[in-house]
file query_8.cif (mmCIF, C-alpha atoms)
data_coords
#
loop_
_atom_site.group_PDB
_atom_site.id
_atom_site.type_symbol
_atom_site.label_atom_id
_atom_site.label_comp_id
_atom_site.auth_asym_id
_atom_site.auth_seq_id
_atom_site.Cartn_x
_atom_site.Cartn_y
_atom_site.Cartn_z
ATOM 1 C CA MET A 1 22.922 -18.190 -21.048
ATOM 2 C CA ASN A 2 26.127 -17.367 -19.210
ATOM 3 C CA VAL A 3 24.962 -14.834 -16.645
ATOM 4 C CA SER A 4 24.594 -16.038 -13.073
ATOM 5 C CA LEU A 5 23.574 -13.492 -10.463
ATOM 6 C CA LYS A 6 22.380 -15.644 -7.603
ATOM 7 C CA ASP A 7 25.375 -14.913 -5.391
ATOM 8 C CA ASN A 8 25.336 -11.171 -6.035
ATOM 9 C CA SER A 9 23.131 -8.992 -3.871
ATOM 10 C CA PRO A 10 22.402 -5.562 -5.371
ATOM 11 C CA PRO A 11 22.943 -2.420 -3.309
ATOM 12 C CA ASP A 12 19.793 -1.135 -1.625
ATOM 13 C CA SER A 13 19.605 1.650 -4.220
ATOM 14 C CA VAL A 14 19.537 -0.844 -7.130
ATOM 15 C CA PRO A 15 16.252 -2.631 -7.907
ATOM 16 C CA LEU A 16 16.494 -6.401 -7.939
ATOM 17 C CA VAL A 17 14.313 -6.449 -11.070
ATOM 18 C CA GLU A 18 14.195 -3.778 -13.759
ATOM 19 C CA MET A 19 12.186 -3.988 -16.961
ATOM 20 C CA ARG A 20 12.568 -1.045 -19.349
ATOM 21 C CA GLY A 21 10.665 -0.242 -22.513
ATOM 22 C CA ILE A 22 9.073 -3.688 -22.728
ATOM 23 C CA THR A 23 6.978 -4.054 -25.867
ATOM 24 C CA LYS A 24 5.246 -7.221 -27.034
ATOM 25 C CA ARG A 25 3.529 -7.636 -30.380
ATOM 26 C CA PHE A 26 1.453 -10.568 -31.538
ATOM 27 C CA GLY A 27 1.265 -9.976 -35.267
ATOM 28 C CA GLY A 28 -0.376 -6.593 -35.671
ATOM 29 C CA ALA A 29 -1.688 -6.507 -32.099
ATOM 30 C CA VAL A 30 0.334 -4.708 -29.416
ATOM 31 C CA ALA A 31 -0.114 -6.425 -26.041
ATOM 32 C CA LEU A 32 2.495 -4.290 -24.260
ATOM 33 C CA ASN A 33 3.673 -0.833 -25.261
ATOM 34 C CA ASP A 34 6.850 0.575 -23.675
ATOM 35 C CA VAL A 35 6.191 -0.814 -20.187
ATOM 36 C CA SER A 36 8.650 -0.442 -17.305
ATOM 37 C CA LEU A 37 8.765 -2.113 -13.889
ATOM 38 C CA GLU A 38 11.006 -2.017 -10.822
ATOM 39 C CA ALA A 39 10.939 -4.371 -7.836
ATOM 40 C CA ARG A 40 13.306 -4.436 -4.881
ATOM 41 C CA ALA A 41 14.355 -7.259 -2.609
ATOM 42 C CA GLY A 42 12.156 -7.472 0.466
ATOM 43 C CA GLU A 43 9.077 -5.868 -1.033
ATOM 44 C CA VAL A 44 5.738 -6.852 -2.515
ATOM 45 C CA LEU A 45 4.942 -5.086 -5.769
ATOM 46 C CA ALA A 46 1.326 -5.542 -6.801
ATOM 47 C CA ILE A 47 0.432 -5.337 -10.496
ATOM 48 C CA VAL A 48 -3.214 -4.475 -11.073
ATOM 49 C CA GLY A 49 -5.460 -3.700 -14.013
ATOM 50 C CA ASP A 50 -8.514 -4.931 -15.851
ATOM 51 C CA ASN A 51 -8.491 -8.033 -18.034
ATOM 52 C CA GLY A 52 -6.418 -7.311 -21.125
ATOM 53 C CA ALA A 53 -4.283 -4.694 -19.370
ATOM 54 C CA GLY A 54 -1.109 -6.677 -20.090
ATOM 55 C CA LYS A 55 -0.300 -7.931 -16.594
ATOM 56 C CA SER A 56 0.047 -11.604 -17.519
ATOM 57 C CA THR A 57 2.011 -10.841 -20.676
ATOM 58 C CA LEU A 58 4.494 -8.777 -18.673
ATOM 59 C CA ILE A 59 5.155 -11.478 -16.097
ATOM 60 C CA LYS A 60 5.360 -14.170 -18.764
ATOM 61 C CA ILE A 61 8.210 -12.188 -20.300
ATOM 62 C CA LEU A 62 9.958 -11.942 -16.924
ATOM 63 C CA THR A 63 9.571 -15.698 -16.292
ATOM 64 C CA GLY A 64 10.716 -16.704 -19.780
ATOM 65 C CA VAL A 65 7.394 -17.958 -21.114
ATOM 66 C CA LEU A 66 7.363 -15.186 -23.740
ATOM 67 C CA ARG A 67 10.120 -13.144 -25.346
ATOM 68 C CA PRO A 68 9.703 -9.377 -25.699
ATOM 69 C CA SER A 69 9.558 -7.680 -29.085
ATOM 70 C CA ALA A 70 11.617 -4.833 -27.597
ATOM 71 C CA GLY A 71 12.967 -3.714 -24.250
ATOM 72 C CA GLN A 72 15.581 -4.468 -21.615
ATOM 73 C CA ILE A 73 15.628 -6.572 -18.442
ATOM 74 C CA LYS A 74 18.130 -6.145 -15.625
ATOM 75 C CA ILE A 75 18.553 -8.363 -12.582
ATOM 76 C CA ALA A 76 20.565 -6.875 -9.714
ATOM 77 C CA GLY A 77 21.718 -4.120 -12.048
ATOM 78 C CA GLN A 78 23.030 -6.408 -14.788
ATOM 79 C CA GLU A 79 21.330 -6.709 -18.153
ATOM 80 C CA VAL A 80 20.160 -10.249 -18.904
ATOM 81 C CA ALA A 81 18.500 -12.139 -21.721
ATOM 82 C CA ILE A 82 15.678 -14.383 -20.560
ATOM 83 C CA ASN A 83 14.993 -16.663 -23.499
ATOM 84 C CA GLY A 84 13.157 -19.412 -21.666
ATOM 85 C CA ARG A 85 12.025 -20.674 -18.282
ATOM 86 C CA ASP A 86 15.407 -22.265 -17.581
ATOM 87 C CA ASP A 87 17.062 -18.852 -17.943
ATOM 88 C CA ALA A 88 14.582 -17.373 -15.456
ATOM 89 C CA LEU A 89 15.129 -20.192 -12.965
ATOM 90 C CA GLN A 90 18.901 -19.783 -13.252
ATOM 91 C CA LEU A 91 18.459 -16.139 -12.287
ATOM 92 C CA GLY A 92 16.278 -17.055 -9.308
ATOM 93 C CA ILE A 93 12.935 -16.121 -10.874
ATOM 94 C CA ASP A 94 9.893 -18.405 -10.624
ATOM 95 C CA ALA A 95 6.112 -18.138 -10.634
ATOM 96 C CA VAL A 96 3.145 -19.740 -8.905
ATOM 97 C CA TYR A 97 0.049 -19.495 -11.063
ATOM 98 C CA GLN A 98 -3.590 -19.685 -10.080
ATOM 99 C CA THR A 99 -3.803 -23.288 -11.296
ATOM 100 C CA LEU A 100 -0.811 -24.234 -9.061
ATOM 101 C CA ALA A 101 0.167 -27.163 -11.373
ATOM 102 C CA ILE A 102 0.066 -29.622 -8.492
ATOM 103 C CA ALA A 103 -0.384 -33.375 -8.975
ATOM 104 C CA GLY A 104 -3.318 -34.093 -6.695
ATOM 105 C CA ASP A 105 -2.634 -37.805 -6.334
ATOM 106 C CA LEU A 106 0.946 -37.256 -5.091
ATOM 107 C CA THR A 107 1.931 -36.453 -1.519
ATOM 108 C CA PRO A 108 3.057 -32.930 -0.612
ATOM 109 C CA ALA A 109 6.699 -34.068 -0.498
ATOM 110 C CA ALA A 110 6.417 -35.733 -3.909
ATOM 111 C CA ASN A 111 5.015 -32.492 -5.337
ATOM 112 C CA ILE A 112 7.719 -30.344 -3.782
ATOM 113 C CA PHE A 113 10.466 -32.580 -5.184
ATOM 114 C CA PHE A 114 8.748 -33.409 -8.479
ATOM 115 C CA GLY A 115 11.433 -33.547 -11.176
ATOM 116 C CA ASN A 116 14.191 -33.067 -8.582
ATOM 117 C CA GLU A 117 13.709 -36.148 -6.426
ATOM 118 C CA LEU A 118 16.238 -36.982 -3.732
ATOM 119 C CA THR A 119 17.846 -40.397 -4.061
ATOM 120 C CA LYS A 120 20.013 -42.808 -2.132
ATOM 121 C CA SER A 121 22.109 -45.697 -3.387
ATOM 122 C CA PHE A 122 22.162 -49.354 -2.458
ATOM 123 C CA LEU A 123 24.786 -51.529 -4.113
ATOM 124 C CA GLY A 124 25.297 -48.731 -6.605
ATOM 125 C CA ILE A 125 21.618 -48.639 -7.578
ATOM 126 C CA PRO A 126 19.772 -45.355 -6.968
ATOM 127 C CA PHE A 127 16.431 -45.406 -5.145
ATOM 128 C CA LEU A 128 14.056 -42.627 -4.189
ATOM 129 C CA ASP A 129 14.788 -41.374 -0.682
ATOM 130 C CA ASN A 130 11.168 -40.888 0.351
ATOM 131 C CA ALA A 131 11.956 -40.519 4.042
ATOM 132 C CA ARG A 132 14.405 -37.678 3.406
ATOM 133 C CA MET A 133 12.038 -35.919 1.001
ATOM 134 C CA LYS A 134 9.245 -36.121 3.574
ATOM 135 C CA SER A 135 11.545 -34.770 6.287
ATOM 136 C CA GLU A 136 12.833 -31.946 4.086
ATOM 137 C CA ALA A 137 9.335 -31.018 2.934
ATOM 138 C CA THR A 138 8.123 -30.882 6.536
ATOM 139 C CA ARG A 139 11.086 -28.697 7.498
ATOM 140 C CA VAL A 140 10.708 -26.236 4.610
ATOM 141 C CA LEU A 141 6.956 -25.838 5.096
ATOM 142 C CA PHE A 142 7.406 -25.081 8.799
ATOM 143 C CA GLU A 143 10.602 -23.002 8.729
ATOM 144 C CA ARG A 144 9.664 -20.853 5.740
ATOM 145 C CA PHE A 145 5.896 -20.594 6.189
ATOM 146 C CA GLY A 146 5.057 -21.778 9.710
ATOM 147 C CA THR A 147 2.864 -24.434 8.102
ATOM 148 C CA ARG A 148 2.355 -27.927 9.485
ATOM 149 C CA LEU A 149 0.254 -30.202 7.301
ATOM 150 C CA PRO A 150 -2.099 -32.616 9.088
ATOM 151 C CA ASP A 151 -0.873 -35.652 7.128
ATOM 152 C CA MET A 152 2.272 -35.633 5.010
ATOM 153 C CA ASP A 153 1.346 -39.028 3.561
ATOM 154 C CA ALA A 154 -2.077 -37.953 2.292
ATOM 155 C CA PRO A 155 -2.576 -36.979 -1.365
ATOM 156 C CA THR A 156 -2.179 -33.266 -1.973
ATOM 157 C CA GLU A 157 -5.709 -33.043 -3.382
ATOM 158 C CA SER A 158 -6.998 -33.586 0.176
ATOM 159 C CA LEU A 159 -5.392 -30.339 1.386
ATOM 160 C CA SER A 160 -7.127 -26.999 1.725
ATOM 161 C CA GLY A 161 -6.575 -24.272 -0.845
ATOM 162 C CA GLY A 162 -4.128 -22.393 1.372
ATOM 163 C CA GLN A 163 -2.172 -25.553 2.143
ATOM 164 C CA LYS A 164 -1.877 -26.298 -1.567
ATOM 165 C CA GLN A 165 -0.546 -22.769 -2.064
ATOM 166 C CA ALA A 166 2.122 -23.452 0.568
ATOM 167 C CA VAL A 167 3.159 -26.656 -1.218
ATOM 168 C CA ALA A 168 3.362 -24.865 -4.589
ATOM 169 C CA ILE A 169 5.435 -22.026 -3.127
ATOM 170 C CA ALA A 170 7.687 -24.460 -1.247
ATOM 171 C CA ARG A 171 8.411 -26.233 -4.532
ATOM 172 C CA ALA A 172 9.509 -22.944 -6.078
ATOM 173 C CA ILE A 173 11.611 -21.944 -3.081
ATOM 174 C CA TYR A 174 13.332 -25.251 -2.388
ATOM 175 C CA HIS A 175 14.955 -25.662 -5.781
ATOM 176 C CA GLY A 176 17.706 -23.179 -6.426
ATOM 177 C CA ASP A 177 18.228 -19.736 -4.922
ATOM 178 C CA LEU A 178 14.855 -18.098 -5.475
ATOM 179 C CA ARG A 179 15.009 -14.315 -5.420
ATOM 180 C CA VAL A 180 11.913 -13.223 -7.323
ATOM 181 C CA LEU A 181 8.516 -14.925 -7.014
ATOM 182 C CA VAL A 182 5.562 -14.037 -9.208
ATOM 183 C CA MET A 183 2.175 -14.911 -7.709
ATOM 184 C CA ASP A 184 -0.764 -14.837 -10.117
ATOM 185 C CA GLU A 185 -4.154 -14.491 -8.384
ATOM 186 C CA PRO A 186 -3.053 -16.541 -5.352
ATOM 187 C CA THR A 187 -6.270 -16.017 -3.383
ATOM 188 C CA ALA A 188 -8.742 -16.678 -6.191
ATOM 189 C CA ALA A 189 -11.513 -19.055 -5.074
ATOM 190 C CA LEU A 190 -10.195 -19.183 -1.487
ATOM 191 C CA GLY A 191 -12.364 -18.549 1.547
ATOM 192 C CA PRO A 192 -11.576 -15.810 4.086
ATOM 193 C CA GLN A 193 -9.455 -17.989 6.400
ATOM 194 C CA GLU A 194 -7.456 -19.529 3.557
ATOM 195 C CA THR A 195 -6.992 -16.102 1.989
ATOM 196 C CA ALA A 196 -5.603 -14.785 5.270
ATOM 197 C CA ARG A 197 -3.149 -17.693 5.459
ATOM 198 C CA THR A 198 -1.995 -17.142 1.880
ATOM 199 C CA LEU A 199 -1.485 -13.423 2.474
ATOM 200 C CA LYS A 200 0.585 -14.309 5.537
ATOM 201 C CA LEU A 201 2.732 -16.575 3.333
ATOM 202 C CA ILE A 202 3.348 -13.647 0.998
ATOM 203 C CA CYS A 203 4.418 -11.437 3.900
ATOM 204 C CA ASN A 204 6.766 -14.173 5.125
ATOM 205 C CA LEU A 205 8.411 -14.340 1.709
ATOM 206 C CA ARG A 206 8.872 -10.574 1.641
ATOM 207 C CA ASP A 207 10.345 -10.601 5.151
ATOM 208 C CA GLN A 208 12.824 -13.270 4.015
ATOM 209 C CA GLY A 209 14.178 -10.858 1.391
ATOM 210 C CA LEU A 210 12.387 -11.978 -1.763
ATOM 211 C CA ALA A 211 10.894 -9.624 -4.299
ATOM 212 C CA VAL A 212 7.274 -10.727 -4.674
ATOM 213 C CA LEU A 213 5.279 -9.636 -7.722
ATOM 214 C CA LEU A 214 1.606 -10.038 -6.909
ATOM 215 C CA ILE A 215 -1.032 -10.027 -9.622
ATOM 216 C CA SER A 216 -4.493 -9.722 -8.133
ATOM 217 C CA HIS A 217 -7.957 -8.432 -8.897
ATOM 218 C CA SER A 218 -8.607 -8.058 -5.163
ATOM 219 C CA LEU A 219 -7.633 -4.583 -4.048
ATOM 220 C CA ASP A 220 -8.380 -5.617 -0.457
ATOM 221 C CA ASP A 221 -5.635 -8.258 -0.714
ATOM 222 C CA VAL A 222 -3.307 -5.811 -2.450
ATOM 223 C CA PHE A 223 -3.699 -3.177 0.249
ATOM 224 C CA GLU A 224 -3.171 -5.861 2.904
ATOM 225 C CA VAL A 225 0.281 -7.017 1.764
ATOM 226 C CA ALA A 226 1.738 -4.807 -0.999
ATOM 227 C CA ASP A 227 4.317 -2.073 -0.506
ATOM 228 C CA ARG A 228 3.737 -0.495 -3.919
ATOM 229 C CA ILE A 229 1.130 -0.872 -6.649
ATOM 230 C CA GLN A 230 1.767 -0.690 -10.390
ATOM 231 C CA VAL A 231 -1.353 0.012 -12.418
ATOM 232 C CA MET A 232 -1.663 -1.090 -16.043
ATOM 233 C CA ARG A 233 -4.294 -0.306 -18.632
ATOM 234 C CA ARG A 234 -4.553 -1.327 -22.292
ATOM 235 C CA GLY A 235 -0.983 -2.592 -22.491
ATOM 236 C CA ARG A 236 0.574 0.465 -20.889
ATOM 237 C CA LYS A 237 1.851 1.337 -17.442
ATOM 238 C CA VAL A 238 -0.434 3.955 -15.920
ATOM 239 C CA GLY A 239 1.669 4.580 -12.840
ATOM 240 C CA THR A 240 3.187 3.248 -9.632
ATOM 241 C CA ILE A 241 2.235 4.378 -6.150
ATOM 242 C CA LYS A 242 3.036 3.517 -2.555
ATOM 243 C CA VAL A 243 0.215 1.779 -0.717
ATOM 244 C CA SER A 244 0.741 4.096 2.241
ATOM 245 C CA GLU A 245 0.090 7.118 0.010
ATOM 246 C CA THR A 246 -3.023 6.070 -1.875
ATOM 247 C CA THR A 247 -6.578 4.779 -1.507
ATOM 248 C CA HIS A 248 -8.777 2.140 -3.097
ATOM 249 C CA GLU A 249 -10.628 4.888 -4.920
ATOM 250 C CA GLU A 250 -7.477 6.407 -6.416
ATOM 251 C CA VAL A 251 -6.207 3.029 -7.632
ATOM 252 C CA LEU A 252 -9.601 2.198 -9.144
ATOM 253 C CA GLY A 253 -9.556 5.580 -10.871
ATOM 254 C CA MET A 254 -6.138 4.811 -12.356
ATOM 255 C CA ILE A 255 -7.388 1.427 -13.561
ATOM 256 C CA VAL A 256 -10.411 2.855 -15.375
ATOM 257 C CA GLY A 257 -8.673 6.034 -16.555
ATOM 258 C CA SER A 258 -10.404 8.666 -14.439
ATOM 259 C CA HIS A 259 -7.252 9.540 -12.473
ATOM 260 C CA GLU A 260 -3.994 10.885 -13.863
ATOM 261 C CA LYS A 261 -0.824 8.862 -14.128
ATOM 262 C CA LYS A 262 1.166 8.837 -10.898
ATOM 263 C CA GLU A 263 4.741 7.789 -10.135
ATOM 264 C CA VAL A 264 6.755 7.223 -6.969
ATOM 265 C CA ALA A 265 10.392 6.320 -6.388
#
call {"tool": "encode", "arguments": {"input": "query_8.cif", "output": "structure tokens"}}
result
Amino acid sequence: MNVSLKDNSPPDSVPLVEMRGITKRFGGAVALNDVSLEARAGEVLAIVGDNGAGKSTLIKILTGVLRPSAGQIKIAGQEVAINGRDDALQLGIDAVYQTLAIAGDLTPAANIFFGNELTKSFLGIPFLDNARMKSEATRVLFERFGTRLPDMDAPTESLSGGQKQAVAIARAIYHGDLRVLVMDEPTAALGPQETARTLKLICNLRDQGLAVLLISHSLDDVFEVADRIQVMRRGRKVGTIKVSETTHEEVLGMIVGSHEKKEVA
């Protein structure tokens, strides 16, 4: 891929992410049918719908896990081809899934730098720079999320659910110029306090200018942090609505099909 957009900021009127007419077929089954999406820098766009609505398929196309059968993707107003995860990462797009993909026996710093370890040389021989990775991990967690871990030398499996979320997000943010972060059910299985901390992390990311795509079954969480909500049902986009102009009941009605399609700018 030869398109690099990391240094180009779109005008406020241009969405950072545009997906148009996205269709995905698996054999004779249609998982997505002519779906569109827009997300702007500095906003949280929630994507909601029942199981099988097509939410995960849509974000897997954006993050390069799947390729669309039809449709167009634009980043910062420029059409791009995302043919794999490396293409997505080059464009500043990453995802944190519910499973987090964290190595529990490694320290937080080792997880954040996994696959991109910092090194130093002695007599021309490279060695892991563990002290620098620990220092950088501590800095990123505090400066970006206001998070201080109780023990940076402890295995990550000893952390709370919200702290693990912070480590997973820090890994995505630290490497490259992240502009779009997909979060798939980030508060699943978390208690109230850890959920509150994770939602605060999401707000911090939005305030730092990222476009955050939030997939969640919790409408309470969605209404807490999202700016707009996109509703999907049976592989189609039902509508998009501002959080400030809707209610739980209206969104639930759109999910189950008892309310009409609704669109906002």
call {"tool": "atom_distance", "arguments": {"input": "query_8.cif", "atom1": "CA of Pro155 in chain A", "atom2": "CA of Cys203 in chain A"}}
result
27.0 Å
call {"tool": "atom_distance", "arguments": {"input": "query_8.cif", "atom1": "CA of Leu213 in chain A", "atom2": "CA of Ala196 in chain A"}}
result
17.7 Å
call {"tool": "resolve_selection", "arguments": {"input": "query_8.cif", "expression": "the PyMOL selection byres ((chain A and resi 71) around 10)", "output": "list in words"}}
result
Met19, Arg20, Gly21, Ile22, Thr23, Lys24, Asn33, Asp34, Val35, Ser36, Arg67, Pro68, Ser69, Ala70, Gln72 and Ile73 of chain A
call {"tool": "resolve_selection", "arguments": {"input": "query_8.cif", "expression": "the PyMOL selection byres ((chain A and resi 170) around 9)", "output": "number ranges by chain"}}
result
A: 112, 137, 140-141, 144-145, 165-169, 171-175
call {"tool": "write_last_selection", "arguments": {"input": "query_8.cif", "atoms": "C-alpha atoms", "output": "tab-separated table (two decimals), keeping the file's coordinate frame"}}
result
chain	number	residue	atom	x	y	z
A	112	ILE	CA	7.72	-30.34	-3.78
A	137	ALA	CA	9.34	-31.02	2.93
A	140	VAL	CA	10.71	-26.24	4.61
A	141	LEU	CA	6.96	-25.84	5.10
A	144	ARG	CA	9.66	-20.85	5.74
A	145	PHE	CA	5.90	-20.59	6.19
A	165	GLN	CA	-0.55	-22.77	-2.06
A	166	ALA	CA	2.12	-23.45	0.57
A	167	VAL	CA	3.16	-26.66	-1.22
A	168	ALA	CA	3.36	-24.86	-4.59
A	169	ILE	CA	5.44	-22.03	-3.13
A	171	ARG	CA	8.41	-26.23	-4.53
A	172	ALA	CA	9.51	-22.94	-6.08
A	173	ILE	CA	11.61	-21.94	-3.08
A	174	TYR	CA	13.33	-25.25	-2.39
A	175	HIS	CA	14.96	-25.66	-5.78
call {"tool": "residues_around", "arguments": {"input": "query_8.cif", "residues": "range 45-54 of chain A", "least_positions_apart": "2", "cutoff": "8 Å", "atoms": "all atoms listed in the file", "output": "compact mmCIF listing (two decimals) with C-alpha atoms, keeping the file's coordinate frame"}}
result
# COMPACT_ATOMS: atom_id res chain seq x y z
CA ALA A 31 -0.11 -6.42 -26.04
CA LEU A 32 2.50 -4.29 -24.26
CA ALA A 39 10.94 -4.37 -7.84
CA GLU A 43 9.08 -5.87 -1.03
CA SER A 56 0.05 -11.60 -17.52
CA THR A 57 2.01 -10.84 -20.68
CA LEU A 58 4.49 -8.78 -18.67
CA ALA A 211 10.89 -9.62 -4.30
CA VAL A 212 7.27 -10.73 -4.67
CA LEU A 213 5.28 -9.64 -7.72
CA LEU A 214 1.61 -10.04 -6.91
CA ILE A 215 -1.03 -10.03 -9.62
CA SER A 216 -4.49 -9.72 -8.13
CA HIS A 217 -7.96 -8.43 -8.90
CA VAL A 222 -3.31 -5.81 -2.45
CA ALA A 226 1.74 -4.81 -1.00
CA ASP A 227 4.32 -2.07 -0.51
CA ARG A 228 3.74 -0.50 -3.92
CA ILE A 229 1.13 -0.87 -6.65
CA GLN A 230 1.77 -0.69 -10.39
CA VAL A 231 -1.35 0.01 -12.42
CA MET A 232 -1.66 -1.09 -16.04
CA ARG A 233 -4.29 -0.31 -18.63
CA ARG A 234 -4.55 -1.33 -22.29
CA GLY A 235 -0.98 -2.59 -22.49
CA ARG A 236 0.57 0.46 -20.89
CA ILE A 255 -7.39 1.43 -13.56
call {"tool": "build_atoms", "arguments": {"input": "query_8.cif", "residues": "range 120-146 of chain A", "atoms": "N, CA and C atoms", "output": "PDB file, keeping the file's coordinate frame"}}
result
ATOM      1  N   LYS A 120      18.953 -42.159  -2.894  1.00  0.00           N
ATOM      2  CA  LYS A 120      20.013 -42.808  -2.132  1.00  0.00           C
ATOM      3  C   LYS A 120      20.424 -44.058  -2.902  1.00  0.00           C
ATOM      4  N   SER A 121      21.598 -44.554  -2.630  1.00  0.00           N
ATOM      5  CA  SER A 121      22.109 -45.697  -3.387  1.00  0.00           C
ATOM      6  C   SER A 121      22.227 -46.935  -2.501  1.00  0.00           C
ATOM      7  N   PHE A 122      21.948 -48.061  -3.103  1.00  0.00           N
ATOM      8  CA  PHE A 122      22.162 -49.354  -2.458  1.00  0.00           C
ATOM      9  C   PHE A 122      22.797 -50.280  -3.481  1.00  0.00           C
ATOM     10  N   LEU A 123      24.016 -50.714  -3.181  1.00  0.00           N
ATOM     11  CA  LEU A 123      24.786 -51.529  -4.113  1.00  0.00           C
ATOM     12  C   LEU A 123      24.945 -50.828  -5.465  1.00  0.00           C
ATOM     13  N   GLY A 124      25.091 -49.507  -5.387  1.00  0.00           N
ATOM     14  CA  GLY A 124      25.297 -48.731  -6.605  1.00  0.00           C
ATOM     15  C   GLY A 124      24.041 -48.449  -7.392  1.00  0.00           C
ATOM     16  N   ILE A 125      22.886 -48.859  -6.878  1.00  0.00           N
ATOM     17  CA  ILE A 125      21.618 -48.639  -7.578  1.00  0.00           C
ATOM     18  C   ILE A 125      20.862 -47.515  -6.874  1.00  0.00           C
ATOM     19  N   PRO A 126      20.479 -46.469  -7.607  1.00  0.00           N
ATOM     20  CA  PRO A 126      19.772 -45.355  -6.968  1.00  0.00           C
ATOM     21  C   PRO A 126      18.300 -45.685  -6.698  1.00  0.00           C
ATOM     22  N   PHE A 127      17.829 -45.263  -5.521  1.00  0.00           N
ATOM     23  CA  PHE A 127      16.431 -45.406  -5.145  1.00  0.00           C
ATOM     24  C   PHE A 127      15.935 -44.060  -4.627  1.00  0.00           C
ATOM     25  N   LEU A 128      14.634 -43.841  -4.750  1.00  0.00           N
ATOM     26  CA  LEU A 128      14.056 -42.627  -4.189  1.00  0.00           C
ATOM     27  C   LEU A 128      14.214 -42.632  -2.674  1.00  0.00           C
ATOM     28  N   ASP A 129      14.643 -41.509  -2.133  1.00  0.00           N
ATOM     29  CA  ASP A 129      14.788 -41.374  -0.682  1.00  0.00           C
ATOM     30  C   ASP A 129      13.534 -40.689  -0.144  1.00  0.00           C
ATOM     31  N   ASN A 130      12.457 -41.449  -0.050  1.00  0.00           N
ATOM     32  CA  ASN A 130      11.168 -40.888   0.351  1.00  0.00           C
ATOM     33  C   ASN A 130      11.192 -40.329   1.764  1.00  0.00           C
ATOM     34  N   ALA A 131      11.903 -40.998   2.661  1.00  0.00           N
ATOM     35  CA  ALA A 131      11.956 -40.519   4.042  1.00  0.00           C
ATOM     36  C   ALA A 131      12.623 -39.149   4.115  1.00  0.00           C
ATOM     37  N   ARG A 132      13.710 -38.968   3.384  1.00  0.00           N
ATOM     38  CA  ARG A 132      14.405 -37.678   3.406  1.00  0.00           C
ATOM     39  C   ARG A 132      13.563 -36.591   2.748  1.00  0.00           C
ATOM     40  N   MET A 133      12.890 -36.914   1.656  1.00  0.00           N
ATOM     41  CA  MET A 133      12.038 -35.919   1.001  1.00  0.00           C
ATOM     42  C   MET A 133      10.896 -35.502   1.919  1.00  0.00           C
ATOM     43  N   LYS A 134      10.314 -36.450   2.631  1.00  0.00           N
ATOM     44  CA  LYS A 134       9.245 -36.121   3.574  1.00  0.00           C
ATOM     45  C   LYS A 134       9.764 -35.230   4.687  1.00  0.00           C
ATOM     46  N   SER A 135      10.950 -35.570   5.220  1.00  0.00           N
ATOM     47  CA  SER A 135      11.545 -34.770   6.287  1.00  0.00           C
ATOM     48  C   SER A 135      11.882 -33.362   5.819  1.00  0.00           C
ATOM     49  N   GLU A 136      12.467 -33.252   4.627  1.00  0.00           N
ATOM     50  CA  GLU A 136      12.833 -31.946   4.086  1.00  0.00           C
ATOM     51  C   GLU A 136      11.592 -31.107   3.776  1.00  0.00           C
ATOM     52  N   ALA A 137      10.571 -31.738   3.236  1.00  0.00           N
ATOM     53  CA  ALA A 137       9.335 -31.018   2.934  1.00  0.00           C
ATOM     54  C   ALA A 137       8.697 -30.487   4.213  1.00  0.00           C
ATOM     55  N   THR A 138       8.681 -31.304   5.245  1.00  0.00           N
ATOM     56  CA  THR A 138       8.123 -30.882   6.536  1.00  0.00           C
ATOM     57  C   THR A 138       8.903 -29.697   7.082  1.00  0.00           C
ATOM     58  N   ARG A 139      10.235 -29.769   6.986  1.00  0.00           N
ATOM     59  CA  ARG A 139      11.086 -28.697   7.498  1.00  0.00           C
ATOM     60  C   ARG A 139      10.860 -27.396   6.750  1.00  0.00           C
ATOM     61  N   VAL A 140      10.865 -27.445   5.414  1.00  0.00           N
ATOM     62  CA  VAL A 140      10.708 -26.236   4.610  1.00  0.00           C
ATOM     63  C   VAL A 140       9.343 -25.585   4.846  1.00  0.00           C
ATOM     64  N   LEU A 141       8.297 -26.385   4.886  1.00  0.00           N
ATOM     65  CA  LEU A 141       6.956 -25.838   5.096  1.00  0.00           C
ATOM     66  C   LEU A 141       6.858 -25.129   6.447  1.00  0.00           C
ATOM     67  N   PHE A 142       7.495 -25.696   7.471  1.00  0.00           N
ATOM     68  CA  PHE A 142       7.406 -25.081   8.799  1.00  0.00           C
ATOM     69  C   PHE A 142       8.354 -23.894   8.937  1.00  0.00           C
ATOM     70  N   GLU A 143       9.619 -24.060   8.521  1.00  0.00           N
ATOM     71  CA  GLU A 143      10.602 -23.002   8.729  1.00  0.00           C
ATOM     72  C   GLU A 143      10.327 -21.780   7.866  1.00  0.00           C
ATOM     73  N   ARG A 144       9.874 -21.994   6.643  1.00  0.00           N
ATOM     74  CA  ARG A 144       9.664 -20.853   5.740  1.00  0.00           C
ATOM     75  C   ARG A 144       8.271 -20.260   5.860  1.00  0.00           C
ATOM     76  N   PHE A 145       7.271 -21.080   6.204  1.00  0.00           N
ATOM     77  CA  PHE A 145       5.896 -20.594   6.189  1.00  0.00           C
ATOM     78  C   PHE A 145       5.144 -20.792   7.495  1.00  0.00           C
ATOM     79  N   GLY A 146       5.768 -21.486   8.470  1.00  0.00           N
ATOM     80  CA  GLY A 146       5.057 -21.778   9.710  1.00  0.00           C
ATOM     81  C   GLY A 146       3.886 -22.716   9.502  1.00  0.00           C
TER      82      GLY A 146
END
